[in-house]
file final.tsv (TSV, C-alpha atoms)
chain	number	residue	atom	x	y	z
J	1	MET	CA	-0.93	27.42	-3.87
J	2	THR	CA	1.56	26.36	-6.56
J	3	ARG	CA	4.38	26.39	-4.03
J	4	TYR	CA	2.33	24.34	-1.61
J	5	LEU	CA	1.53	21.83	-4.36
J	6	MET	CA	5.19	21.45	-5.33
J	7	ARG	CA	6.18	20.85	-1.72
J	8	ARG	CA	3.58	18.11	-1.34
J	9	ILE	CA	4.63	16.44	-4.61
J	10	LEU	CA	8.30	16.47	-3.58
J	11	ALA	CA	7.36	14.98	-0.22
J	12	LEU	CA	5.55	12.21	-2.13
J	13	VAL	CA	8.76	10.92	-3.74
J	14	PRO	CA	10.36	9.35	-0.62
J	15	VAL	CA	6.95	8.04	0.46
J	16	ALA	CA	6.46	6.31	-2.90
J	17	LEU	CA	9.98	4.87	-2.66
J	18	GLY	CA	9.22	3.58	0.81
J	19	VAL	CA	5.98	1.99	-0.39
J	20	ALA	CA	7.76	0.23	-3.25
J	21	THR	CA	10.50	-0.96	-0.89
J	22	LEU	CA	7.99	-2.27	1.64
J	23	THR	CA	6.06	-4.10	-1.09
J	24	PHE	CA	9.27	-5.73	-2.31
J	25	ALA	CA	10.22	-6.73	1.24
J	26	LEU	CA	6.79	-8.19	2.07
J	27	ILE	CA	6.83	-10.41	-1.00
J	28	HIS	CA	10.50	-11.46	-0.97
J	29	LEU	CA	11.30	-11.74	2.73
J	30	VAL	CA	8.27	-13.69	4.00
J	31	PRO	CA	9.08	-17.21	5.23
J	32	GLY	CA	8.93	-19.96	2.64
J	33	ASP	CA	9.85	-20.30	-1.00
J	34	PRO	CA	7.28	-18.65	-3.32
J	35	VAL	CA	8.30	-20.91	-6.21
J	36	THR	CA	7.63	-24.04	-4.18
J	37	ALA	CA	4.32	-22.53	-3.08
J	38	MET	CA	3.36	-21.88	-6.70
J	39	LEU	CA	4.49	-25.22	-8.18
J	40	GLY	CA	3.88	-27.47	-5.20
J	41	ASP	CA	6.19	-29.72	-3.19
J	42	THR	CA	6.14	-32.42	-5.86
J	43	ALA	CA	7.52	-30.18	-8.63
J	44	ALA	CA	10.64	-31.39	-10.40
J	45	PRO	CA	13.88	-29.60	-9.46
J	46	ALA	CA	14.33	-28.55	-13.09
J	47	ASP	CA	10.91	-26.88	-13.11
J	48	VAL	CA	11.67	-25.11	-9.84
J	49	ALA	CA	14.98	-23.85	-11.19
J	50	ALA	CA	13.34	-22.67	-14.43
J	51	MET	CA	10.64	-20.80	-12.52
J	52	ARG	CA	13.19	-19.18	-10.23
J	53	HIS	CA	15.11	-18.02	-13.28
J	54	GLN	CA	11.94	-16.74	-14.95
J	55	LEU	CA	11.06	-14.68	-11.89
J	56	GLY	CA	14.62	-13.53	-11.39
J	57	LEU	CA	14.77	-15.11	-7.94
J	58	ASP	CA	18.13	-16.71	-8.66
J	59	ARG	CA	19.79	-13.30	-8.62
J	60	PRO	CA	21.15	-11.60	-5.47
J	61	LEU	CA	18.51	-9.81	-3.40
J	62	ALA	CA	20.09	-6.40	-4.03
J	63	ALA	CA	19.99	-7.00	-7.80
J	64	GLN	CA	16.34	-8.06	-7.55
J	65	TYR	CA	15.51	-4.90	-5.62
J	66	ILE	CA	17.23	-2.61	-8.13
J	67	GLY	CA	15.55	-4.42	-10.99
J	68	PHE	CA	12.18	-4.12	-9.27
J	69	LEU	CA	12.58	-0.37	-8.78
J	70	ALA	CA	13.70	0.04	-12.38
J	71	GLY	CA	10.66	-1.87	-13.58
J	72	VAL	CA	8.32	0.20	-11.43
J	73	ALA	CA	9.89	3.41	-12.74
J	74	HIS	CA	9.23	2.25	-16.32
J	75	GLY	CA	5.76	0.85	-15.57
J	76	ASP	CA	6.91	-2.75	-16.02
J	77	LEU	CA	5.69	-5.07	-13.26
J	78	GLY	CA	6.58	-8.31	-15.02
J	79	GLU	CA	4.34	-11.00	-16.50
J	80	SER	CA	1.54	-12.87	-14.80
J	81	ILE	CA	2.32	-16.56	-14.38
J	82	SER	CA	-1.29	-17.71	-14.51
J	83	ALA	CA	-2.62	-15.37	-17.21
J	84	HIS	CA	0.59	-15.12	-19.27
J	85	GLU	CA	-0.04	-11.41	-19.78
J	86	PRO	CA	1.79	-8.30	-18.58
J	87	VAL	CA	0.81	-7.45	-15.00
J	88	THR	CA	0.46	-3.80	-15.95
J	89	ARG	CA	-2.15	-4.64	-18.59
J	90	LEU	CA	-4.18	-6.81	-16.21
J	91	ILE	CA	-4.16	-4.08	-13.57
J	92	ALA	CA	-5.09	-1.42	-16.13
J	93	GLU	CA	-8.10	-3.51	-17.17
J	94	ARG	CA	-9.38	-4.03	-13.62
J	95	PHE	CA	-8.42	-0.83	-11.80
J	96	PRO	CA	-11.13	1.38	-13.43
J	97	ALA	CA	-13.82	-0.92	-12.02
J	98	THR	CA	-12.38	-0.64	-8.50
J	99	LEU	CA	-12.00	3.12	-8.88
J	100	GLU	CA	-15.62	3.37	-10.04
J	101	LEU	CA	-16.86	1.37	-7.07
J	102	ALA	CA	-14.76	3.35	-4.57
J	103	ALA	CA	-15.92	6.68	-6.04
J	104	ALA	CA	-19.55	5.55	-5.91
J	105	GLY	CA	-19.13	4.37	-2.31
J	106	LEU	CA	-17.61	7.73	-1.38
J	107	ALA	CA	-20.47	9.59	-3.09
J	108	VAL	CA	-23.04	7.50	-1.20
J	109	ALA	CA	-21.24	8.15	2.07
J	110	LEU	CA	-21.16	11.92	1.55
J	111	LEU	CA	-24.76	12.11	0.34
J	112	ILE	CA	-25.88	10.38	3.52
J	113	ALA	CA	-23.40	11.81	6.03
J	114	LEU	CA	-23.41	15.53	5.22
J	115	PRO	CA	-27.16	16.10	5.72
J	116	LEU	CA	-27.33	13.81	8.76
J	117	GLY	CA	-24.25	15.30	10.40
J	118	THR	CA	-25.44	18.85	9.76
J	119	ILE	CA	-28.92	18.19	11.16
J	120	ALA	CA	-27.51	16.39	14.21
J	121	GLY	CA	-24.93	19.12	14.88
J	122	ALA	CA	-27.41	21.95	14.45
J	123	LYS	CA	-29.78	20.56	17.08
J	124	PRO	CA	-27.90	18.27	19.48
J	125	GLY	CA	-30.14	16.27	21.74
J	126	SER	CA	-33.15	16.54	19.44
J	127	ALA	CA	-35.03	13.65	17.88
J	128	ALA	CA	-33.21	14.28	14.59
J	129	ASP	CA	-29.87	14.08	16.40
J	130	MET	CA	-30.76	10.81	18.09
J	131	GLY	CA	-32.05	9.37	14.82
J	132	ALA	CA	-28.90	10.37	12.93
J	133	MET	CA	-26.59	8.96	15.59
J	134	GLY	CA	-28.67	5.81	15.77
J	135	PHE	CA	-28.06	5.34	12.06
J	136	ALA	CA	-24.36	5.96	12.63
J	137	ILE	CA	-24.18	3.23	15.26
J	138	VAL	CA	-25.95	0.77	12.97
J	139	GLY	CA	-23.76	1.73	10.01
J	140	ILE	CA	-20.55	1.18	11.95
J	141	SER	CA	-21.75	-2.03	13.59
J	142	VAL	CA	-22.94	-3.94	10.51
J	143	PRO	CA	-19.97	-5.35	8.53
J	144	HIS	CA	-19.91	-5.57	4.74
J	145	LEU	CA	-20.08	-9.36	4.91
J	146	CYS	CA	-23.54	-9.06	6.49
J	147	LEU	CA	-24.89	-5.91	4.85
J	148	GLY	CA	-24.05	-6.94	1.27
J	149	PRO	CA	-25.92	-10.29	1.30
J	150	LEU	CA	-28.81	-8.66	3.20
J	151	LEU	CA	-29.22	-6.00	0.50
J	152	MET	CA	-28.99	-8.67	-2.19
J	153	ILE	CA	-31.76	-10.72	-0.57
J	154	VAL	CA	-34.11	-7.75	-0.10
J	155	PHE	CA	-33.60	-5.66	-3.23
J	156	SER	CA	-32.54	-8.32	-5.75
J	157	LEU	CA	-34.14	-11.62	-4.78
J	158	ASP	CA	-37.30	-10.49	-2.96
J	159	LEU	CA	-38.18	-7.20	-4.67
J	160	GLY	CA	-36.31	-7.71	-7.94
J	161	TRP	CA	-35.49	-4.01	-8.21
J	162	LEU	CA	-31.73	-4.26	-8.76
J	163	PRO	CA	-29.32	-6.74	-10.39
J	164	LEU	CA	-27.79	-9.35	-8.12
J	165	THR	CA	-24.14	-9.35	-9.22
J	166	GLY	CA	-21.80	-8.18	-11.94
J	167	ARG	CA	-20.85	-4.85	-13.43
J	168	GLY	CA	-23.04	-3.09	-15.95
J	169	GLY	CA	-25.07	0.08	-15.80
J	170	PHE	CA	-26.00	2.31	-12.90
J	171	ALA	CA	-28.33	-0.31	-11.43
J	172	HIS	CA	-25.44	-2.76	-10.96
J	173	LEU	CA	-23.54	-0.12	-8.98
J	174	VAL	CA	-26.21	0.75	-6.41
J	175	LEU	CA	-25.98	-2.18	-4.00
J	176	PRO	CA	-22.17	-2.45	-3.97
J	177	ALA	CA	-21.84	1.32	-3.49
J	178	VAL	CA	-24.31	1.36	-0.59
J	179	THR	CA	-22.55	-1.62	0.99
J	180	LEU	CA	-19.15	0.03	0.67
J	181	GLY	CA	-20.20	3.54	1.67
J	182	SER	CA	-22.49	2.84	4.62
J	183	ALA	CA	-19.78	2.51	7.27
J	184	LEU	CA	-17.96	5.62	6.02
J	185	ALA	CA	-21.24	7.56	6.05
J	186	ALA	CA	-21.70	6.73	9.72
J	187	ILE	CA	-18.14	7.79	10.62
J	188	VAL	CA	-18.32	11.07	8.67
J	189	ALA	CA	-21.73	11.95	10.13
J	190	ARG	CA	-20.43	11.52	13.66
J	191	MET	CA	-17.32	13.59	12.93
J	192	LEU	CA	-19.33	16.40	11.33
J	193	ARG	CA	-21.71	16.48	14.28
J	194	GLN	CA	-18.85	16.79	16.74
J	195	SER	CA	-17.18	19.52	14.67
J	196	LEU	CA	-20.38	21.55	14.43
J	197	MET	CA	-20.92	21.25	18.16
J	198	ARG	CA	-17.42	22.61	18.79
J	199	VAL	CA	-17.84	25.70	16.58
J	200	ARG	CA	-21.23	26.58	18.07
J	201	HIS	CA	-19.54	28.50	20.89
J	202	ALA	CA	-16.85	30.26	18.82
J	203	ASP	CA	-16.60	34.07	18.91
J	204	TYR	CA	-17.56	34.53	15.26
J	205	MET	CA	-20.69	32.46	15.87
J	206	ARG	CA	-21.73	34.73	18.73
J	207	THR	CA	-21.11	37.73	16.48
J	208	ALA	CA	-23.27	36.25	13.71
J	209	ARG	CA	-26.09	35.55	16.15
J	210	SER	CA	-25.85	39.06	17.61
J	211	LYS	CA	-26.47	40.45	14.12
J	212	GLY	CA	-29.83	38.73	13.96
J	213	LEU	CA	-29.05	35.35	12.39
J	214	GLY	CA	-30.82	32.36	13.84
J	215	GLU	CA	-28.90	29.50	15.44
J	216	SER	CA	-29.22	27.13	12.49
J	217	ALA	CA	-28.62	29.82	9.85
J	218	ALA	CA	-25.46	31.04	11.59
J	219	LEU	CA	-24.19	27.51	11.94
J	220	ILE	CA	-24.70	26.68	8.27
J	221	ARG	CA	-23.50	30.01	6.85
J	222	HIS	CA	-20.51	30.60	9.13
J	223	GLY	CA	-19.76	27.50	11.17
J	224	LEU	CA	-19.95	24.79	8.53
J	225	ARG	CA	-16.82	25.91	6.65
J	226	ASN	CA	-14.68	25.67	9.79
J	227	ALA	CA	-16.37	22.49	10.96
J	228	ILE	CA	-15.76	20.77	7.62
J	229	THR	CA	-11.94	20.98	7.89
J	230	PRO	CA	-11.39	17.87	10.08
J	231	VAL	CA	-14.04	16.09	8.05
J	232	VAL	CA	-11.98	16.63	4.88
J	233	THR	CA	-9.00	14.97	6.55
J	234	LEU	CA	-11.12	12.03	7.67
J	235	VAL	CA	-12.73	11.59	4.26
J	236	GLY	CA	-9.33	11.67	2.56
J	237	LEU	CA	-7.92	8.97	4.82
J	238	GLU	CA	-11.04	6.81	4.51
J	239	ALA	CA	-11.24	7.31	0.72
J	240	GLY	CA	-7.91	5.55	0.36
J	241	GLY	CA	-9.24	2.80	2.57
J	242	LEU	CA	-12.25	2.40	0.28
J	243	LEU	CA	-9.95	1.14	-2.48
J	244	THR	CA	-8.67	-1.69	-0.33
J	245	GLY	CA	-11.98	-2.14	1.46
J	246	ALA	CA	-13.59	-2.75	-1.90
J	247	ILE	CA	-11.97	-6.21	-1.97
J	248	VAL	CA	-14.67	-7.75	0.22
J	249	THR	CA	-17.47	-5.93	-1.61
J	250	GLU	CA	-16.13	-7.03	-4.99
J	251	MET	CA	-16.12	-10.65	-3.91
J	252	ILE	CA	-19.69	-10.43	-2.59
J	253	PHE	CA	-21.12	-8.82	-5.74
J	254	SER	CA	-18.76	-10.48	-8.30
J	255	TRP	CA	-17.48	-7.04	-9.24
J	256	PRO	CA	-14.63	-7.40	-11.78
J	257	GLY	CA	-12.13	-5.12	-10.05
J	258	MET	CA	-8.71	-5.21	-8.47
J	259	GLY	CA	-9.94	-6.96	-5.36
J	260	ARG	CA	-11.08	-10.05	-7.23
J	261	LEU	CA	-7.89	-9.94	-9.29
J	262	LEU	CA	-5.79	-9.95	-6.13
J	263	ILE	CA	-7.73	-12.83	-4.55
J	264	THR	CA	-7.43	-14.82	-7.79
J	265	ALA	CA	-3.69	-14.12	-7.93
J	266	ILE	CA	-3.23	-15.27	-4.33
J	267	SER	CA	-5.21	-18.45	-5.01
J	268	ALA	CA	-3.11	-19.17	-8.11
J	269	ARG	CA	0.10	-18.22	-6.25
J	270	ASP	CA	0.80	-15.76	-9.05
J	271	TYR	CA	3.77	-14.01	-7.46
J	272	PRO	CA	4.28	-11.11	-9.92
J	273	LEU	CA	0.55	-10.32	-10.08
J	274	VAL	CA	0.19	-10.26	-6.28
J	275	GLU	CA	3.17	-7.92	-6.05
J	276	GLY	CA	1.72	-5.62	-8.71
J	277	CYS	CA	-1.72	-5.49	-7.09
J	278	VAL	CA	-0.33	-4.75	-3.63
J	279	LEU	CA	1.91	-2.01	-5.02
J	280	THR	CA	-0.99	-0.48	-6.94
J	281	PHE	CA	-3.21	-0.38	-3.87
J	282	ALA	CA	-0.44	1.15	-1.77
J	283	LEU	CA	0.48	3.84	-4.30
J	284	SER	CA	-3.20	4.64	-4.84
J	285	TYR	CA	-3.55	5.26	-1.12
J	286	VAL	CA	-0.56	7.61	-1.23
J	287	LEU	CA	-2.01	9.54	-4.18
J	288	VAL	CA	-5.39	9.86	-2.48
J	289	ASN	CA	-3.66	11.36	0.54
J	290	LEU	CA	-1.88	13.84	-1.73
J	291	MET	CA	-5.24	14.89	-3.19
J	292	THR	CA	-6.56	15.25	0.36
J	293	ASP	CA	-3.71	17.63	1.17
J	294	MET	CA	-4.63	19.71	-1.87
J	295	VAL	CA	-8.29	19.92	-0.87
J	296	TYR	CA	-7.26	20.69	2.71
J	297	GLY	CA	-5.17	23.60	1.45
J	298	ILE	CA	-8.19	24.98	-0.42
J	299	VAL	CA	-10.59	24.58	2.50
J	300	ASP	CA	-8.13	25.94	5.09
J	301	PRO	CA	-5.62	28.41	3.55
J	302	ARG	CA	-3.75	28.56	6.87
J	303	VAL	CA	-1.93	25.31	6.07
J	304	ARG	CA	-0.36	26.77	2.91
J	305	PRO	CA	3.15	28.18	3.05
J	306	VAL	CA	3.49	31.98	3.13

call {"tool": "encode", "arguments": {"input": "final.tsv", "output": "structure tokens"}}
result
Amino acid sequence: MTRYLMRRILALVPVALGVATLTFALIHLVPGDPVTAMLGDTAAPADVAAMRHQLGLDRPLAAQYIGFLAGVAHGDLGESISAHEPVTRLIAERFPATLELAAAGLAVALLIALPLGTIAGAKPGSAADMGAMGFAIVGISVPHLCLGPLLMIVFSLDLGWLPLTGRGGFAHLVLPAVTLGSALAAIVARMLRQSLMRVRHADYMRTARSKGLGESAALIRHGLRNAITPVVTLVGLEAGGLLTGAIVTEMIFSWPGMGRLLITAISARDYPLVEGCVLTFALSYVLVNLMTDMVYGIVDPRVRPV
């Protein structure tokens, strides 16, 4: 397992370099002058020149790229123009809130999807199966922009059970987590159902049933481990997407995370802060995929090197 882990970490290095390069290219090579966008068309030439010098945009592109990589390697992403604080500090203050929301959304998705997918896969065609898949269709069909306000109206304004917006205790986390995790729950439930239906006819399942185990017992005790393997891959890919998908949810519930920070930076045309937020989201996605590979190696030892 140690060898497998080292191989995956080494493979992460060129991916991280590619992510940093792509982030640099997206910010620096898009049409238009970012300084003019930040200061406006009526800015004095002296102010434009000073801002370009402050951001290092008056240097050759190759020098900017090398300096950017050097700063990333040392954890220095520059200074925010609007907040006049280091970008790294602003991200460090907001990222835990986004991570908390994404983790809660993932927990909600798994708590809903695993029982529903198992019940639906154990008895395909039954009323439980149709009910579970009906929920999956609704979960996939309703976007966050609709589900979030609907939950706020019902559980905050009408019933008064949960806080409306903001970040505080567990109660503040419930509605955003349900909003964020509902679509993933539907996807995972459908995937688990399909996986369980595939393993129902495997040789080891027939052997388990021939030894006296019932259909459902054999499926849960012997089939679930093999059926869960593609689900792990799906959850890993979608978990990274939860970090970026949290942007919409954070705006709906006024959650003080990275999503709101990024939207604020874009509105203020804060070039260094936008670059830092995009890079953080991208690298987080890469790290989540690395963790998925580790879990995949534990669930299915066949993928590990001999």

call {"tool": "atom_distance", "arguments": {"input": "final.tsv", "atom1": "atom CA of Phe135 of chain J", "atom2": "atom CA of Ile112 of chain J"}}
result
10.2 Å

call {"tool": "closest_residue", "arguments": {"input": "final.tsv", "among": "J:Ala122, J:Leu261, J:Val231, J:Leu111", "to": "Ser82 of chain J", "atoms": "only C-alpha atoms"}}
result
J:Leu261

call {"tool": "closest_residue", "arguments": {"input": "final.tsv", "among": "J:Ala62, J:Val295, J:Leu29, J:Leu173", "to": "Pro256 of chain J", "atoms": "all atoms listed in the file"}}
result
J:Leu173

call {"tool": "closest_residue", "arguments": {"input": "final.tsv", "among": "J:Leu90, J:Leu184, J:Val154, J:Leu224", "to": "Arg260 of chain J", "atoms": "all atoms listed in the file"}}
result
J:Leu90

call {"tool": "residues_around", "arguments": {"input": "final.tsv", "residues": "segment 241-255 of chain J", "least_positions_apart": "5", "cutoff": "10 Å", "atoms": "all atoms listed in the file", "output": "PyMOL selection string"}}
result
chain J and resi 94-95+97-103+105-106+144-149+152+163-168+172-173+175-177+179-181+184+235-236+260-263+278+281-282+284-285+288

call {"tool": "residues_around", "arguments": {"input": "final.tsv", "residues": "Arg190 of chain J", "least_positions_apart": "5", "cutoff": "9 Å", "atoms": "all atoms listed in the file", "output": "list in words"}}
result
Ala113, Leu116, Gly117, Ala120, Gly121, Ala132, Met133, Ala136, Ala185 and Ser195 of chain J

call {"tool": "atom_distance", "arguments": {"input": "final.tsv", "atom1": "atom CA of Val286 of chain J", "atom2": "atom CA of Thr264 of chain J"}}
result
24.4 Å

call {"tool": "residues_around", "arguments": {"input": "final.tsv", "residues": "Leu69 of chain J", "least_positions_apart": "6", "cutoff": "12 Å", "atoms": "all atoms listed in the file", "output": "list in words"}}
result
Ala16, Leu17, Gly18, Val19, Ala20, Thr21, Leu22, Thr23, Phe24, Ala62, Ala63, Gly75, Asp76, Leu77, Gly78 and Leu279 of chain J

call {"tool": "residues_around", "arguments": {"input": "final.tsv", "residues": "Leu162 of chain J", "least_positions_apart": "6", "cutoff": "7 Å", "atoms": "all atoms listed in the file", "output": "tab-separated table (two decimals) with C-alpha atoms, keeping the file's coordinate frame"}}
result
chain	number	residue	atom	x	y	z
J	155	PHE	CA	-33.60	-5.66	-3.23
J	156	SER	CA	-32.54	-8.32	-5.75
J	171	ALA	CA	-28.33	-0.31	-11.43
J	172	HIS	CA	-25.44	-2.76	-10.96

call {"tool": "closest_residue", "arguments": {"input": "final.tsv", "among": "J:Ala268, J:Ala227, J:Val174, J:Ile9", "to": "Ile81 of chain J", "atoms": "all atoms listed in the file"}}
result
J:Ala268

call {"tool": "residues_around", "arguments": {"input": "final.tsv", "residues": "Leu55 of chain J", "least_positions_apart": "6", "cutoff": "12 Å", "atoms": "all atoms listed in the file", "output": "PyMOL selection string"}}
result
chain J and resi 28+34-35+38+48-49+64+67-68+77-81+270-273+275

call {"tool": "atom_distance", "arguments": {"input": "final.tsv", "atom1": "atom CA of Ala44 of chain J", "atom2": "atom CA of Ile27 of chain J"}}
result
23.3 Å

call {"tool": "closest_residue", "arguments": {"input": "final.tsv", "among": "J:Leu234, J:Ala183, J:Leu12, J:Ala25", "to": "Val108 of chain J", "atoms": "all atoms listed in the file"}}
result
J:Ala183
